[in-house]
>>> print(open('upload17.txt').read())   # compact mmCIF, C-alpha atoms
# COMPACT_ATOMS: atom_id res chain seq x y z
CA MET V 196 65.89 -68.88 -90.18
CA LYS V 197 64.58 -67.93 -93.60
CA LYS V 198 65.54 -71.30 -94.99
CA LEU V 199 63.81 -73.00 -92.09
CA SER V 200 60.64 -71.00 -92.74
CA TRP V 201 60.70 -71.94 -96.41
CA LEU V 202 61.32 -75.56 -95.51
CA VAL V 203 58.39 -75.62 -93.10
CA GLY V 204 56.17 -73.95 -95.68
CA VAL V 205 57.07 -76.38 -98.43
CA VAL V 206 56.63 -79.38 -96.14
CA ALA V 207 53.25 -78.08 -95.01
CA LEU V 208 52.21 -77.55 -98.61
CA LEU V 209 53.25 -81.01 -99.70
CA GLY V 210 51.76 -82.64 -96.62
CA SER V 211 48.43 -80.87 -96.85
CA GLY V 212 48.27 -81.58 -100.57
CA ALA V 213 48.95 -85.26 -100.01
CA TYR V 214 46.39 -85.50 -97.23
CA LEU V 215 43.87 -83.65 -99.37
CA PHE V 216 44.28 -86.31 -102.01
CA VAL V 217 44.10 -89.13 -99.46
CA TYR V 218 40.97 -87.79 -97.79
CA ILE V 219 39.20 -87.34 -101.09
CA TYR V 220 40.29 -90.83 -102.05
CA ARG V 221 38.73 -92.15 -98.85
CA TRP V 222 35.46 -90.21 -99.29
CA GLU V 223 36.15 -88.24 -96.13
CA TRP V 224 34.83 -84.91 -97.29
CA HIS V 225 34.93 -82.99 -94.02
CA ARG V 226 38.56 -83.81 -93.44
CA ALA V 227 39.30 -83.00 -97.08
CA LEU V 228 37.69 -79.59 -96.71
CA LEU V 229 39.70 -78.76 -93.62
CA VAL V 230 42.97 -79.88 -95.18
CA GLY V 231 42.06 -78.13 -98.42
CA VAL V 232 41.71 -74.83 -96.59
CA LEU V 233 45.10 -75.41 -94.98
CA PHE V 234 46.57 -76.27 -98.39
CA LEU V 235 45.23 -73.09 -99.93
CA ALA V 236 46.43 -70.95 -97.04
CA THR V 237 49.91 -72.44 -97.28
CA LEU V 238 49.94 -71.97 -101.03
CA VAL V 239 48.93 -68.31 -100.74
CA GLY V 240 51.56 -67.76 -98.04
CA LEU V 241 54.32 -69.32 -100.09
CA CYS V 242 53.35 -67.42 -103.23
CA THR V 243 53.30 -64.18 -101.25
CA GLY V 244 56.73 -65.02 -99.88
CA LEU V 245 58.04 -65.63 -103.39
CA VAL V 246 56.69 -62.29 -104.62
CA VAL V 247 58.12 -60.44 -101.63
CA ARG V 248 61.48 -62.09 -102.15
CA ARG V 249 61.52 -61.09 -105.79
CA LEU V 250 60.56 -57.51 -104.91
CA ASN V 251 63.34 -57.36 -102.35
CA ALA V 252 65.80 -58.57 -104.98
CA VAL V 253 64.63 -55.86 -107.37
CA GLY V 254 64.96 -53.25 -104.62
CA ASP V 255 68.47 -54.38 -103.84
CA THR V 256 69.40 -54.13 -107.50
CA VAL V 257 68.00 -50.61 -107.73
CA ARG V 258 69.84 -49.49 -104.62
CA ALA V 259 73.08 -51.01 -105.86
CA THR V 260 72.68 -49.27 -109.21
CA ALA V 261 71.87 -45.94 -107.56
CA ALA V 262 75.02 -46.07 -105.50
CA ALA V 263 77.24 -46.70 -108.52
CA PRO V 264 79.27 -43.69 -109.86
CA ARG V 265 77.76 -41.89 -112.84
CA PRO V 266 79.63 -40.15 -115.65
CA PRO V 267 79.55 -36.38 -115.06
CA GLY V 268 78.56 -33.70 -117.53
CA ALA V 269 74.89 -34.57 -118.12
CA LEU V 270 73.88 -30.90 -117.90
CA ASP V 271 76.54 -29.88 -120.37
CA ARG V 272 75.45 -32.54 -122.81
CA LEU V 273 71.85 -31.39 -122.53
CA ARG V 274 72.81 -27.79 -123.19
CA ALA V 275 75.02 -28.82 -126.07
CA ALA V 276 72.26 -30.78 -127.76
CA PRO V 277 70.47 -29.04 -130.65
CA VAL V 278 67.22 -27.39 -129.62
CA GLU V 279 64.09 -28.37 -131.46
CA SER V 280 62.54 -25.06 -132.39
CA LYS V 281 59.66 -26.20 -134.56
CA PRO V 282 56.48 -26.52 -132.48
CA PHE V 283 54.00 -29.32 -133.27
CA PRO V 284 56.22 -31.11 -135.73
CA TRP V 285 53.62 -33.84 -136.24
CA LEU V 286 51.42 -31.27 -137.98
CA ARG V 287 53.97 -30.99 -140.78
CA PRO V 288 53.81 -34.20 -142.73
CA ALA V 289 56.83 -35.10 -144.74
CA ASP V 290 54.67 -36.05 -147.66
CA PRO V 291 52.12 -33.30 -148.48
CA ASP V 292 50.15 -35.64 -150.75
CA ARG V 293 49.07 -37.81 -147.80
CA THR V 294 46.19 -36.87 -145.55
CA HIS V 295 47.03 -37.03 -141.88
CA ILE V 296 44.56 -36.89 -139.06
CA PHE V 297 46.03 -36.00 -135.72
CA ILE V 298 44.53 -36.25 -132.33
CA PRO V 299 44.89 -32.51 -131.62
CA VAL V 300 42.93 -31.77 -134.77
CA LEU V 301 40.20 -34.17 -133.72
CA LEU V 302 40.09 -32.68 -130.23
CA GLY V 303 39.92 -29.14 -131.58
CA GLY V 304 37.24 -30.12 -134.08
CA GLY V 305 35.19 -31.70 -131.32
CA PHE V 306 35.49 -28.56 -129.24
CA VAL V 307 34.36 -26.35 -132.11
CA VAL V 308 31.42 -28.61 -133.01
CA SER V 309 30.33 -28.71 -129.36
CA GLY V 310 30.38 -24.92 -129.22
CA ILE V 311 28.28 -24.64 -132.36
CA ALA V 312 25.77 -27.17 -131.02
CA TRP V 313 25.53 -25.29 -127.74
CA LEU V 314 24.90 -22.01 -129.61
CA ILE V 315 22.16 -23.56 -131.76
CA GLU V 316 20.49 -25.05 -128.69
CA ARG V 317 20.46 -21.68 -126.92
CA VAL V 318 19.04 -19.82 -129.92
CA ALA V 319 16.38 -22.45 -130.57
CA GLY V 320 15.37 -22.56 -126.89
CA SER V 321 15.01 -18.78 -126.57
CA SER V 322 12.98 -18.45 -129.79
CA ALA V 323 10.62 -21.36 -129.16
CA ARG V 324 10.01 -20.97 -125.45
CA GLU V 325 7.32 -18.27 -125.55
CA GLY V 326 5.15 -19.98 -128.15
CA VAL V 327 5.49 -23.35 -126.51
CA GLU V 328 4.53 -22.02 -123.10
CA GLN V 329 1.45 -20.31 -124.48
CA GLU V 330 0.33 -23.44 -126.26
CA VAL V 331 0.79 -25.57 -123.17
CA ALA V 332 -1.14 -23.06 -121.04
CA THR V 333 -4.09 -23.16 -123.47
CA GLU V 334 -4.17 -26.94 -123.44
CA LEU V 335 -4.00 -27.02 -119.66
CA GLU V 336 -6.92 -24.63 -119.38
CA GLU V 337 -9.01 -26.90 -121.58
CA ILE V 338 -8.50 -29.91 -119.38
CA ALA V 339 -8.55 -28.08 -116.03
CA PHE V 340 -11.04 -29.11 -113.35
CA PRO V 341 -14.07 -26.84 -112.85
CA ALA V 342 -13.91 -24.27 -110.09
CA THR V 343 -16.82 -25.87 -108.26
CA SER V 344 -17.07 -29.51 -107.29
CA LEU V 345 -18.72 -31.91 -109.72
CA VAL V 346 -20.87 -33.51 -107.02
CA PRO V 347 -22.36 -31.90 -103.95
CA THR V 348 -20.59 -32.49 -100.65
CA GLU V 349 -22.25 -34.30 -97.75
CA ALA V 350 -22.90 -30.99 -96.00
CA GLU V 351 -24.57 -29.59 -99.11
CA LEU V 352 -26.75 -32.66 -99.49
CA LEU V 353 -27.77 -32.44 -95.82
CA ALA V 354 -28.55 -28.74 -96.12
CA GLY V 355 -30.60 -29.22 -99.26
CA ASP V 356 -32.60 -32.10 -97.86
CA GLU V 357 -36.36 -31.88 -97.38
CA GLU V 358 -36.94 -29.03 -94.86
CA PHE V 359 -34.80 -26.46 -96.59
CA GLY V 360 -35.01 -27.89 -100.05
CA ASP V 361 -37.24 -25.15 -101.33
CA ASP V 362 -35.31 -22.25 -99.81
CA PRO V 363 -34.01 -20.20 -102.79
CA ALA V 364 -31.62 -18.24 -100.60
CA LEU V 365 -30.00 -21.48 -99.50
CA ARG V 366 -29.78 -22.55 -103.12
CA VAL V 367 -27.81 -19.45 -103.89
CA LEU V 368 -25.45 -20.14 -101.01
CA LEU V 369 -24.96 -23.78 -101.96
CA GLY V 370 -24.12 -22.93 -105.55
CA PRO V 371 -24.75 -24.85 -108.77
CA ALA V 372 -23.59 -28.23 -107.43
CA ALA V 373 -26.55 -28.38 -105.02
CA THR V 374 -29.03 -27.52 -107.72
CA GLY V 375 -27.79 -30.30 -109.94
CA THR V 376 -26.73 -27.99 -112.75
CA SER V 377 -23.40 -28.16 -114.30
CA PRO V 378 -21.14 -25.13 -114.07
CA MET J 262 66.35 -79.83 -118.96
CA ARG J 263 65.96 -80.46 -115.25
CA ARG J 264 63.05 -78.05 -115.14
CA VAL J 265 61.32 -79.86 -117.98
CA LEU J 266 61.82 -83.17 -116.24
CA ALA J 267 60.38 -81.76 -113.04
CA TRP J 268 57.31 -80.49 -114.88
CA VAL J 269 56.85 -83.83 -116.63
CA ALA J 270 57.14 -85.68 -113.31
CA GLY J 271 54.63 -83.34 -111.70
CA ALA J 272 52.20 -83.74 -114.55
CA ALA J 273 52.57 -87.52 -114.37
CA VAL J 274 51.79 -87.49 -110.65
CA VAL J 275 48.74 -85.31 -111.20
CA VAL J 276 47.43 -87.50 -114.01
CA ALA J 277 47.98 -90.67 -111.98
CA GLY J 278 46.21 -89.09 -109.01
CA LEU J 279 43.27 -88.02 -111.11
CA LEU J 280 42.96 -91.49 -112.59
CA LEU J 281 43.06 -93.01 -109.12
CA LEU J 282 40.43 -90.60 -107.87
CA ARG J 283 38.29 -91.27 -110.90
CA SER J 284 38.28 -95.00 -110.28
CA GLU J 285 37.78 -94.63 -106.55
CA LEU J 286 35.09 -91.96 -106.55
CA MET J 287 32.93 -93.58 -109.17
CA THR J 288 29.26 -93.58 -108.25
CA VAL J 289 28.01 -96.47 -110.33
CA ASP J 290 24.88 -98.12 -109.01
CA ILE J 291 25.22 -101.92 -109.02
CA PRO J 292 21.90 -103.59 -108.25
CA GLN J 293 22.08 -105.99 -105.34
CA PRO J 294 19.99 -109.17 -105.04
CA GLU J 295 16.71 -108.90 -103.23
CA GLY J 296 17.09 -109.59 -99.54
CA SER J 297 20.75 -108.65 -99.33
CA TYR J 298 22.07 -106.60 -96.43
CA THR J 299 25.29 -105.09 -95.21
CA ASP J 300 26.81 -105.66 -91.80
CA VAL J 301 29.01 -102.97 -90.33
CA VAL J 302 31.24 -103.03 -87.26
CA ILE J 303 32.79 -99.79 -86.05
CA ALA J 304 35.03 -98.86 -83.15
CA VAL J 305 34.47 -95.39 -81.77
CA GLN J 306 36.32 -93.03 -79.49
CA VAL J 307 34.72 -89.99 -77.91
CA ARG J 308 36.15 -86.99 -76.13
CA GLU J 309 32.99 -86.63 -74.12
CA ASP J 310 31.38 -88.50 -71.29
CA PRO J 311 31.45 -92.20 -72.29
CA SER J 312 27.80 -92.46 -71.36
CA VAL J 313 26.88 -90.51 -74.51
CA ARG J 314 29.08 -92.61 -76.77
CA GLU J 315 26.26 -94.80 -77.99
CA GLU J 316 24.00 -91.81 -78.61
CA MET J 317 26.69 -90.04 -80.62
CA THR J 318 27.38 -93.18 -82.60
CA ARG J 319 23.70 -93.59 -83.39
CA GLY J 320 23.68 -90.02 -84.65
CA LEU J 321 26.65 -90.68 -86.90
CA VAL J 322 25.09 -93.84 -88.28
CA SER J 323 21.79 -92.07 -88.91
CA THR J 324 23.59 -89.36 -90.85
CA CYS J 325 25.67 -91.72 -92.93
CA ARG J 326 23.00 -94.21 -93.85
CA LEU J 327 21.11 -91.36 -95.56
CA LEU J 328 24.04 -90.86 -97.91
CA VAL J 329 23.74 -94.38 -99.27
CA ASN J 330 19.94 -94.52 -99.25
CA ALA J 331 19.82 -97.44 -96.86
CA GLY J 332 18.01 -97.96 -93.60
CA VAL J 333 19.31 -99.41 -90.36
CA VAL J 334 17.53 -102.66 -89.61
CA GLU J 335 15.42 -102.27 -86.51
CA ASP J 336 17.12 -103.44 -83.30
CA SER J 337 20.27 -104.37 -85.22
CA PHE J 338 22.30 -101.64 -83.58
CA ARG J 339 24.11 -103.18 -80.65
CA GLN J 340 27.28 -102.79 -78.65
CA VAL J 341 29.62 -105.67 -79.30
CA GLU J 342 32.17 -104.64 -76.74
CA ALA J 343 33.29 -101.46 -75.06
CA GLY J 344 33.45 -98.81 -77.79
CA VAL J 345 32.61 -101.26 -80.58
CA PHE J 346 29.20 -101.19 -82.22
CA ALA J 347 27.60 -103.28 -84.94
CA PHE J 348 24.58 -102.60 -87.08
CA ARG J 349 22.97 -103.83 -90.27
CA VAL J 350 21.63 -101.80 -93.16
CA ARG J 351 19.23 -102.77 -95.90
CA PRO J 352 19.27 -103.01 -98.86
CA GLY J 353 22.74 -104.38 -99.30
CA LEU J 354 25.33 -101.87 -100.44
CA ASP J 355 27.39 -102.30 -103.57
CA GLU J 356 31.12 -101.67 -103.63
CA PHE J 357 30.84 -97.93 -104.27
CA ASP J 358 28.21 -97.38 -101.60
CA ARG J 359 30.35 -99.30 -99.14
CA ARG J 360 33.26 -96.96 -99.89
CA GLU J 361 31.02 -93.95 -99.34
CA LEU J 362 29.61 -95.33 -96.09
CA ARG J 363 33.07 -96.20 -94.83
CA GLY J 364 34.32 -92.70 -95.65
CA CYS J 365 31.33 -91.10 -93.98
CA LEU J 366 31.73 -93.14 -90.81
CA ARG J 367 35.45 -92.37 -90.59
CA ASP J 368 34.95 -88.71 -91.36
CA THR J 369 34.67 -86.01 -88.70
CA ARG J 370 30.96 -85.50 -89.13
CA VAL J 371 30.19 -85.58 -85.41
CA GLN J 372 32.40 -83.40 -83.26
CA HIS J 373 34.51 -85.19 -80.67
CA LEU J 374 33.69 -88.57 -82.18
CA LEU J 375 36.19 -90.66 -84.10
CA ALA J 376 35.08 -93.90 -85.67
CA ASP J 377 37.07 -96.61 -87.37
CA VAL J 378 35.35 -99.15 -89.58
CA ARG J 379 36.50 -102.59 -88.59
CA ARG J 380 34.29 -104.53 -90.91
CA ILE J 381 31.83 -103.78 -93.64
CA ALA J 382 30.48 -106.58 -95.78
CA THR J 383 27.43 -107.14 -97.94
CA VAL J 384 25.67 -110.46 -97.57
CA THR J 385 23.41 -111.73 -100.34
CA PRO J 386 20.77 -114.46 -99.82
CA ASP J 387 23.05 -116.90 -101.65
CA ASP J 388 25.89 -116.09 -99.29
CA ALA J 389 23.59 -116.59 -96.33
CA ALA J 390 22.35 -119.95 -97.66
CA GLY J 391 25.87 -121.16 -98.30
CA ARG J 392 26.91 -120.73 -94.68
>>> encode(input="upload17.txt", output="structure tokens")
Amino acid sequence: MKKLSWLVGVVALLGSGAYLFVYIYRWEWHRALLVGVLFLATLVGLCTGLVVRRLNAVGDTVRATAAAPRPPGALDRLRAAPVESKPFPWLRPADPDRTHIFIPVLLGGGFVVSGIAWLIERVAGSSAREGVEQEVATELEEIAFPATSLVPTEAELLAGDEEFGDDPALRVLLGPAATGTSP
Amino acid sequence: MRRVLAWVAGAAVVVAGLLLLRSELMTVDIPQPEGSYTDVVIAVQVREDPSVREEMTRGLVSTCRLLVNAGVVEDSFRQVEAGVFAFRVRPGLDEFDRRELRGCLRDTRVQHLLADVRRIATVTPDDAAGR
């Protein structure tokens, strides 16, 4: 059955490839597109089948190897092996005249430098914050809008028009904007 | 060794195919004499009501003549026999345009319509005078 499937796939691939060529040769683009899609689909299917077959073969090999008898005594050999007691042996260069840079050293150095930078940033921020805030507040006060409006509102203009224009009490109520004076 | 031979054979087939396609799909414009035209006869089959066969064929011809920048001569489209139509396009088509028109007419551009080109020939004024 497998062989039949492979045979059908290969025949379909060859046939669709041949017809793709023929249709292009005849300037029949629509037919060529349709057959081209079929050709690609067959090609992808066959390639997938090849990969799956290879994976199955690898799996079979692994299973066959796992089932094979193993020599005993692995634990004893491990325990009998000499124990490496020196930690971080790469930090002890054989030649003391050579300069070695190791990744742990770089990592540790980076950690230390980051800590120092964080400390400096905290100290600088706490010492400069008060002065900076005061300076910003002063500058903001200088450019702040006046408490009263720069131009009279429509209601103020209506109230100050003609009939009540000379009423000093109304002037007091309307404020400096109605009198045309700047605050 | 057998694998190398197989690869060489495959490469030879591909190269030969590409060369064939190159010669066949060339789009060289060969100027045709003034007054030349191309006569086309096609046989069509439809999977629809036969009464719409002519309409579908006209649609196919209208589509394909645009590809070759030619116009169907007025009133030249006629039914020769049942399922066989003839028409004339101007200006006359060179060899490469004839290939393109033949491919377009035989292609599946209109659903449920299959056309076979029975004859396609370009006639120049000299050819017409020599008859």
>>> closest_residue(input="upload17.txt", among="J:Asp388, J:Asp358, J:Glu316, J:Asp300", to="chain V", atoms="only C-alpha atoms")
J:Asp358
>>> interface_residues(input="upload17.txt", of="chain V", to="chain J", cutoff="9 Å", atoms="only C-alpha atoms", output="ChimeraX atom specification")
/V:216,218-226
>>> axis_aligned_box(input="upload17.txt", around="region 265-269 of chain J", padding_each_side="6 Å", output="JSON")
{"center_x": 59.3, "center_y": -81.8, "center_z": -115.5, "size_x": 17.0, "size_y": 16.0, "size_z": 16.9}
>>> atom_distance(input="upload17.txt", atom1="CA of Ile298 (chain V)", atom2="CA of Leu314 (chain V)")
24.4 Å
>>> atom_distance(input="upload17.txt", atom1="CA of Gly391 (chain J)", atom2="CA of Ile291 (chain J)")
22.0 Å
>>> atom_distance(input="upload17.txt", atom1="CA of Val322 (chain J)", atom2="CA of Pro294 (chain J)")
23.3 Å
>>> residues_around(input="upload17.txt", residues="Leu215 (chain V)", least_positions_apart="3", cutoff="7 Å", atoms="all atoms listed in the file", output="PyMOL selection string")
chain V and resi 211-212+218-219+227+230-231
>>> residues_around(input="upload17.txt", residues="region 333-342 of chain J", least_positions_apart="5", cutoff="10 Å", atoms="all atoms listed in the file", output="number ranges by chain")
J: 298-304, 315, 318-319, 322-323, 326-327, 347-352
